[in-house]
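Visitor: Here it is, the structure in full.
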Amino acid sequence: MLRGALRFGLGPGLLGRRLGTHRGGSTLGKAEGSGGCRGSGVSPVSSHVTFRTRGPGPRWEDSGSLGAGDWDGKVSEIKKKIQSILPGGAWSPLCDTSHLPPEHSDVVIVGGGVVGLSVAYWLKRLEKQQGAIRVLVVERDHTYSQASTVLSVGGIRQQFSLPENIQLSLFSVEFLRNINEYLAVVDDPPLDLQFNPSGYLFLASEEGATIMENNVKVQRQEGAKVCLMSPEQLRKKFPWINTEGVALASYGLENEGWFDPWCLLQGLRRKVQSMGVLFCHGEVTRFVSSSNHMETASGEKVTLKRIHEVHVKVDHSQEYQPVECAIVVNAAGAWSGRIAELAGIGKGPPGTLQGTKLPVEPRKRYVYLWHCPQGPGLEAPLVADPSGAYFRREGLGNNYLGGCSPSEEEEPDPGNLEVDHDFFQEKVWPHLAWRVPAFEALKVRRAWAGYYDYNTFDQNGVVGPHPLVVNMYFAAGFSGHGLQQAPAVGRAVAEVMLEGRFQTINLSPFLFSRFYLGEKAQERCII
């Protein structure tokens, strides 16, 4: 019964149903049930599943519960506050609280990269009444020095194997090409993404040629402009390529290339601030939630949770601020798995929906920049070799960016962002020099490392609500595609929150429930 309900799809949107914060402050109204859970105020996994309550109403739990020692500490804290405002106390009415997040917000978005900012943008753009939804974005790295967004190579392509990924990219490239129609701010200069539409060039060996042909067929059906090229055609168009071992190539003719990720990030941030979105530099450390124990009509036991408070530890401080909220969006990128654990996701018996984790973890990837005076010219696309190595031009001075994803056995330690220069010498450069003989003489000038929010299940994004933590929504796990898919994913998440269903692009295959059901949305075109 439960598996069937999860396959069926989504229910009413929480914001559309006027789900309110638990108490006081900013509110969207009282929760209105849809007939699934009697007396609980919590929406069921699907409106087509009947639950009955077990036990006496909601139970407050997780990190929000207070033991005896915690209670003594609270009493002591209250006493100190009272003493501080008595004559002679240390209380000051001029204490600066501007660094703290608000006490109430309708939506808290955990993660202020391009994906989180895109969700914030589309929530404000699609809200029924201006100012109706209060949105807070929490970002712990306010310099973005370790953000996946700014450490990426900035590519966008339609050469995927899944229709959903192709549609996401087509939507996003239209957004990027018309960026100032979406993100213009009065009296601010226009954005220049420096979009370079040079395309992607995928090379396939004899073994991969049939898969490539099938992929291109799907891409064309979805509206992507992609052509297949024989080795002879490849040599004629790109004479700098060694075609030995290449049986077939696919080349993006339109709407593929690369752009400036930092410009997109700053443009989104500037725009959402102008729309009234609030920002906080800090880290989410705990959630306070209520729970209800239920049974499906077939007797399966489930526990439904609702988050009521998000605790935010303020940057460079031991202070934290509880923020009451109606909805939490997990857009924490490589760290989204940890945020899910804070909400209790995956903390249940193995093999159950309650025990199903969000399978997203940080994976470290290296990017190298090198100079090669005789390298490919300005017409060079981003080239993806069958070996896994890739490169593209960077600017006009015969500089190039590139790298290669390591094998599972060679995955580097994600505990730091140190670069392994031997990896380039041993694993990347030999493939580059074989495919482009001019790269025999390249000189590496610098390198850096960044994180993929790697979905270990099927390397695709997780979009939409959690079936049991009913007011947590996901926008994570894109495994290196988050930057290029962010504009479309942000809209998709906002649509589900506001209307209860995907409208522009149906992303049902990317719902969390697929991890429990074991239904992979496997993408074959991974770089």
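Here's how to read the names in the structure tokens: chain A, B, ... by the order shown, residue numbers from 1 in each chain, ligand numbers from 1 in the order shown.
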Using only C-alpha atoms, determine which residues lie at most 10 Å from Leu342 in chain A, disregarding the query and same-chain residues fewer than 5 positions distant; provide the list as a PyMOL selection string.
Guide: chain A and resi 62-63+284-288+336-337+347
Visitor: Near Leu193 in chain A, within 8 Å and counting only C-alpha atoms, which residues show up once chain neighbours fewer than 2 positions away are dropped, as a compact mmCIF listing (two decimals) with all heavy atoms, in the first residue's frame?
Guide:
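Writing done, so here's around-v3.txt:
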```txt
# COMPACT_ATOMS: atom_id res chain seq x y z
N LEU A 176 19.50 31.61 -18.91
CA LEU A 176 20.81 32.25 -18.95
C LEU A 176 20.93 33.20 -20.13
O LEU A 176 21.52 34.29 -20.01
CB LEU A 176 21.90 31.18 -19.03
CG LEU A 176 22.01 30.23 -17.83
CD1 LEU A 176 23.09 29.18 -18.09
CD2 LEU A 176 22.30 30.99 -16.55
N LEU A 191 23.75 42.22 -16.05
CA LEU A 191 24.66 41.10 -15.86
C LEU A 191 25.27 40.68 -17.19
O LEU A 191 24.60 40.70 -18.22
CB LEU A 191 23.91 39.92 -15.24
CG LEU A 191 23.30 40.14 -13.86
CD1 LEU A 191 22.42 38.96 -13.49
CD2 LEU A 191 24.40 40.33 -12.82
N PHE A 195 28.70 34.20 -21.69
CA PHE A 195 28.33 32.88 -22.20
C PHE A 195 29.07 32.60 -23.50
O PHE A 195 29.02 33.39 -24.44
CB PHE A 195 26.82 32.81 -22.42
CG PHE A 195 26.34 31.46 -22.92
CD1 PHE A 195 26.53 30.33 -22.16
CD2 PHE A 195 25.70 31.34 -24.14
CE1 PHE A 195 26.09 29.09 -22.60
CE2 PHE A 195 25.25 30.11 -24.59
CZ PHE A 195 25.45 28.98 -23.82
N PHE A 259 29.90 29.45 -19.06
CA PHE A 259 29.61 30.82 -18.64
C PHE A 259 30.29 31.08 -17.30
O PHE A 259 30.91 30.17 -16.71
CB PHE A 259 28.11 31.06 -18.56
CG PHE A 259 27.40 30.17 -17.58
CD1 PHE A 259 27.16 30.59 -16.29
CD2 PHE A 259 26.97 28.90 -17.95
CE1 PHE A 259 26.52 29.76 -15.37
CE2 PHE A 259 26.33 28.06 -17.05
CZ PHE A 259 26.10 28.50 -15.75
N ASP A 260 30.13 32.30 -16.79
CA ASP A 260 30.77 32.72 -15.54
C ASP A 260 29.87 32.35 -14.35
O ASP A 260 28.85 33.01 -14.12
CB ASP A 260 31.02 34.23 -15.58
CG ASP A 260 31.71 34.75 -14.32
OD1 ASP A 260 31.95 33.94 -13.40
OD2 ASP A 260 31.98 35.96 -14.24
N PRO A 261 30.22 31.32 -13.56
CA PRO A 261 29.36 30.92 -12.44
C PRO A 261 29.24 31.99 -11.37
O PRO A 261 28.18 32.15 -10.76
CB PRO A 261 30.07 29.67 -11.89
CG PRO A 261 31.01 29.22 -12.95
CD PRO A 261 31.41 30.46 -13.69
N CYS A 263 29.22 35.20 -11.70
CA CYS A 263 28.27 36.23 -12.14
C CYS A 263 26.83 35.77 -11.91
O CYS A 263 26.00 36.55 -11.44
CB CYS A 263 28.50 36.56 -13.61
SG CYS A 263 27.43 37.86 -14.25
N LEU A 264 26.54 34.51 -12.21
CA LEU A 264 25.19 34.00 -11.97
C LEU A 264 24.86 33.99 -10.48
O LEU A 264 23.77 34.40 -10.07
CB LEU A 264 25.05 32.58 -12.54
CG LEU A 264 23.71 31.89 -12.28
CD1 LEU A 264 22.55 32.67 -12.91
CD2 LEU A 264 23.72 30.46 -12.79
```
Visitor: Against range 468-477 of chain A, which residues of range 306-399 of chain A fall within 10 Å? For each one I want the closest pair of atoms and the distance in Å (one decimal), counting only C-alpha atoms, rows by chain and increasing residue number, as a tab-separated table.
Guide:
```
residue	atom	partner	partner_atom	distance
A:Arg306	CA	A:Val469	CA	5.7
A:Ile307	CA	A:Asn471	CA	6.6
A:His308	CA	A:Asn471	CA	9.1
A:Cys325	CA	A:Asn471	CA	9.5
A:Ala326	CA	A:Asn471	CA	7.0
A:Ile327	CA	A:Asn471	CA	5.0
A:Val328	CA	A:Met472	CA	4.8
A:Val329	CA	A:Tyr473	CA	4.7
A:Asn330	CA	A:Phe474	CA	4.9
A:Ala331	CA	A:Ala475	CA	5.0
A:Ala332	CA	A:Ala476	CA	6.8
A:Gly333	CA	A:Ala476	CA	5.4
A:Ala334	CA	A:Gly477	CA	7.3
A:Trp335	CA	A:Ala476	CA	9.1
A:Ser336	CA	A:Ala476	CA	6.6
A:Gly337	CA	A:Gly477	CA	8.8
A:Ala340	CA	A:Met472	CA	8.8
A:Ala343	CA	A:Val469	CA	7.7
A:Gly344	CA	A:Val469	CA	8.4
A:Ile345	CA	A:Val469	CA	7.6
A:Leu353	CA	A:Leu468	CA	8.1
A:Gln354	CA	A:Leu468	CA	7.4
A:Leu358	CA	A:Gly477	CA	8.8
A:Pro359	CA	A:Gly477	CA	8.1
A:Val360	CA	A:Gly477	CA	5.6
A:Glu361	CA	A:Gly477	CA	8.0
A:Pro362	CA	A:Gly477	CA	9.5
```
Visitor: Take the residues from that selection and put them in a file with N, CA, C and O atoms, as a compact mmCIF listing (two decimals), in the first residue's frame.
Guide:
```txt
# COMPACT_ATOMS: atom_id res chain seq x y z
N ARG A 306 6.99 16.80 11.44
CA ARG A 306 6.93 18.17 10.91
C ARG A 306 7.94 19.01 11.67
O ARG A 306 7.96 19.01 12.90
N ILE A 307 8.79 19.71 10.92
CA ILE A 307 9.78 20.60 11.54
C ILE A 307 9.10 21.91 11.91
O ILE A 307 8.38 22.50 11.10
N HIS A 308 9.33 22.37 13.15
CA HIS A 308 8.75 23.63 13.60
C HIS A 308 9.79 24.73 13.81
O HIS A 308 9.47 25.91 13.69
N CYS A 325 9.37 28.12 11.51
CA CYS A 325 9.14 28.10 10.07
C CYS A 325 8.05 27.11 9.71
O CYS A 325 7.67 26.25 10.50
N ALA A 326 7.57 27.25 8.49
CA ALA A 326 6.56 26.32 7.95
C ALA A 326 7.20 25.28 7.05
O ALA A 326 6.73 24.15 6.98
N ILE A 327 8.26 25.65 6.35
CA ILE A 327 8.90 24.75 5.38
C ILE A 327 10.41 24.93 5.46
O ILE A 327 10.92 26.04 5.65
N VAL A 328 11.13 23.81 5.29
CA VAL A 328 12.60 23.82 5.18
C VAL A 328 12.96 23.25 3.81
O VAL A 328 12.45 22.20 3.41
N VAL A 329 13.85 23.95 3.10
CA VAL A 329 14.37 23.46 1.82
C VAL A 329 15.82 23.06 2.03
O VAL A 329 16.64 23.89 2.45
N ASN A 330 16.13 21.81 1.76
CA ASN A 330 17.49 21.31 1.90
C ASN A 330 18.21 21.47 0.57
O ASN A 330 18.08 20.65 -0.34
N ALA A 331 18.94 22.58 0.45
CA ALA A 331 19.74 22.87 -0.74
C ALA A 331 21.20 23.03 -0.34
O ALA A 331 21.90 23.90 -0.85
N ALA A 332 21.63 22.16 0.58
CA ALA A 332 22.96 22.28 1.18
C ALA A 332 24.05 21.61 0.37
O ALA A 332 25.15 21.40 0.87
N GLY A 333 23.77 21.24 -0.87
CA GLY A 333 24.80 20.72 -1.76
C GLY A 333 25.47 19.48 -1.22
O GLY A 333 24.82 18.51 -0.82
N ALA A 334 26.80 19.50 -1.17
CA ALA A 334 27.57 18.35 -0.73
C ALA A 334 27.25 17.94 0.70
O ALA A 334 27.50 16.81 1.09
N TRP A 335 26.69 18.86 1.47
CA TRP A 335 26.40 18.59 2.88
C TRP A 335 24.92 18.33 3.12
O TRP A 335 24.47 18.29 4.26
N SER A 336 24.15 18.14 2.06
CA SER A 336 22.70 17.94 2.23
C SER A 336 22.39 16.63 2.94
O SER A 336 21.36 16.52 3.62
N GLY A 337 23.26 15.62 2.81
CA GLY A 337 23.05 14.38 3.53
C GLY A 337 23.09 14.60 5.03
O GLY A 337 22.30 14.00 5.79
N ALA A 340 19.92 16.31 6.19
CA ALA A 340 18.83 15.33 6.25
C ALA A 340 18.90 14.50 7.53
O ALA A 340 17.88 14.22 8.17
N ALA A 343 17.44 16.10 10.52
CA ALA A 343 15.98 16.04 10.56
C ALA A 343 15.48 14.63 10.87
O ALA A 343 14.26 14.39 10.86
N GLY A 344 16.40 13.70 11.15
CA GLY A 344 16.01 12.34 11.48
C GLY A 344 15.80 11.43 10.28
O GLY A 344 15.37 10.29 10.43
N ILE A 345 16.12 11.92 9.09
CA ILE A 345 15.93 11.12 7.88
C ILE A 345 16.98 10.02 7.82
O ILE A 345 18.19 10.29 7.95
N LEU A 353 11.05 2.82 4.86
CA LEU A 353 11.08 4.20 4.38
C LEU A 353 11.72 5.11 5.41
O LEU A 353 12.49 6.00 5.08
N GLN A 354 11.42 4.85 6.68
CA GLN A 354 11.99 5.66 7.76
C GLN A 354 13.50 5.50 7.85
O GLN A 354 14.21 6.42 8.25
N LEU A 358 19.28 9.87 2.76
CA LEU A 358 19.54 10.66 1.55
C LEU A 358 20.96 10.32 1.12
O LEU A 358 21.93 10.68 1.81
N PRO A 359 21.14 9.63 -0.01
CA PRO A 359 22.47 9.10 -0.38
C PRO A 359 23.35 10.14 -1.08
O PRO A 359 23.86 9.92 -2.19
N VAL A 360 23.55 11.27 -0.43
CA VAL A 360 24.35 12.35 -1.02
C VAL A 360 25.53 12.63 -0.12
O VAL A 360 25.38 12.81 1.09
N GLU A 361 26.72 12.67 -0.70
CA GLU A 361 27.93 12.90 0.06
C GLU A 361 28.88 13.79 -0.74
O GLU A 361 28.77 13.89 -1.97
N PRO A 362 29.84 14.43 -0.06
CA PRO A 362 30.81 15.25 -0.80
C PRO A 362 31.84 14.39 -1.51
O PRO A 362 32.37 13.44 -0.94
```
Visitor: If you run DSSP on the backbone here, which positions in range 85-299 of chain A get strand (DSSP E)? Please write them as number ranges by chain.
Guide: A: 104-110, 135-139, 155-156, 200-204, 226-229, 248-252, 257-258, 278-296
Visitor: Quick one: of A:Gly403, A:Val135, A:Pro509, A:Gly346, who's nearest to Asp420 in chain A, counting only C-alpha atoms?
Guide: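 The answer is A:Gly403, which sits nearest to Asp420 in chain A.
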Visitor: Work out how far apart CA of Ser105 in chain A and CA of Ile133 in chain A are and give it in Å to one decimal.
Guide: 8.3 Å
Visitor: Rank nothing, just name the residue among A:Met229, A:Val489, A:Leu100, A:Ala441 nearest to Thr504 in chain A, using only C-alpha atoms.
Guide: A:Val489
Visitor: Hey, which of A:Asn399, A:Gln158, A:Ser405, A:Gln219 ends up closest to Phe171 in chain A? Count only C-alpha atoms.
Guide: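 Going through A:Asn399, A:Gln158, A:Ser405, A:Gln219 one by one, the smallest distance to Phe171 in chain A is for A:Gln158.
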Visitor: List the spatial neighbours of Val150 in chain A as a list of chain:residue names - criterion: any atom at most 10 Å away, only C-alpha atoms, same-chain residues fewer than 4 positions off excluded.
Guide: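 Once the adjacent positions are removed, what remains is A:Gly113, A:Val114, A:Tyr144, A:Ser145, A:Gln146, A:Gly154, A:Asp260, A:Pro261, A:Trp262, A:Cys263, A:Leu264, A:Leu265, A:Gly450, A:Leu483.
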Visitor: Counting only C-alpha atoms, which of A:Glu324, A:His142, A:Trp434, A:Leu517 gets nearest to Val107 in chain A?
Guide: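 The answer is A:Glu324, which sits nearest to Val107 in chain A.
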Visitor: Could you tell me, as a list of chain:residue names, which residues of range 272-452 of chain A DSSP assigns to alpha helix (DSSP H) when given the backbone?
Guide: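 DSSP-assigned alpha helix (DSSP H) residues in range 272-452 of chain A: A:Val272, A:Gln273, A:Ser274, A:Ser336, A:Gly337, A:Arg338, A:Ile339, A:Ala340, A:Glu341, A:Leu342, A:His421, A:Asp422, A:Phe423, A:Trp429, A:Pro430, A:His431, A:Leu432, A:Ala433, A:Trp434, A:Arg435.
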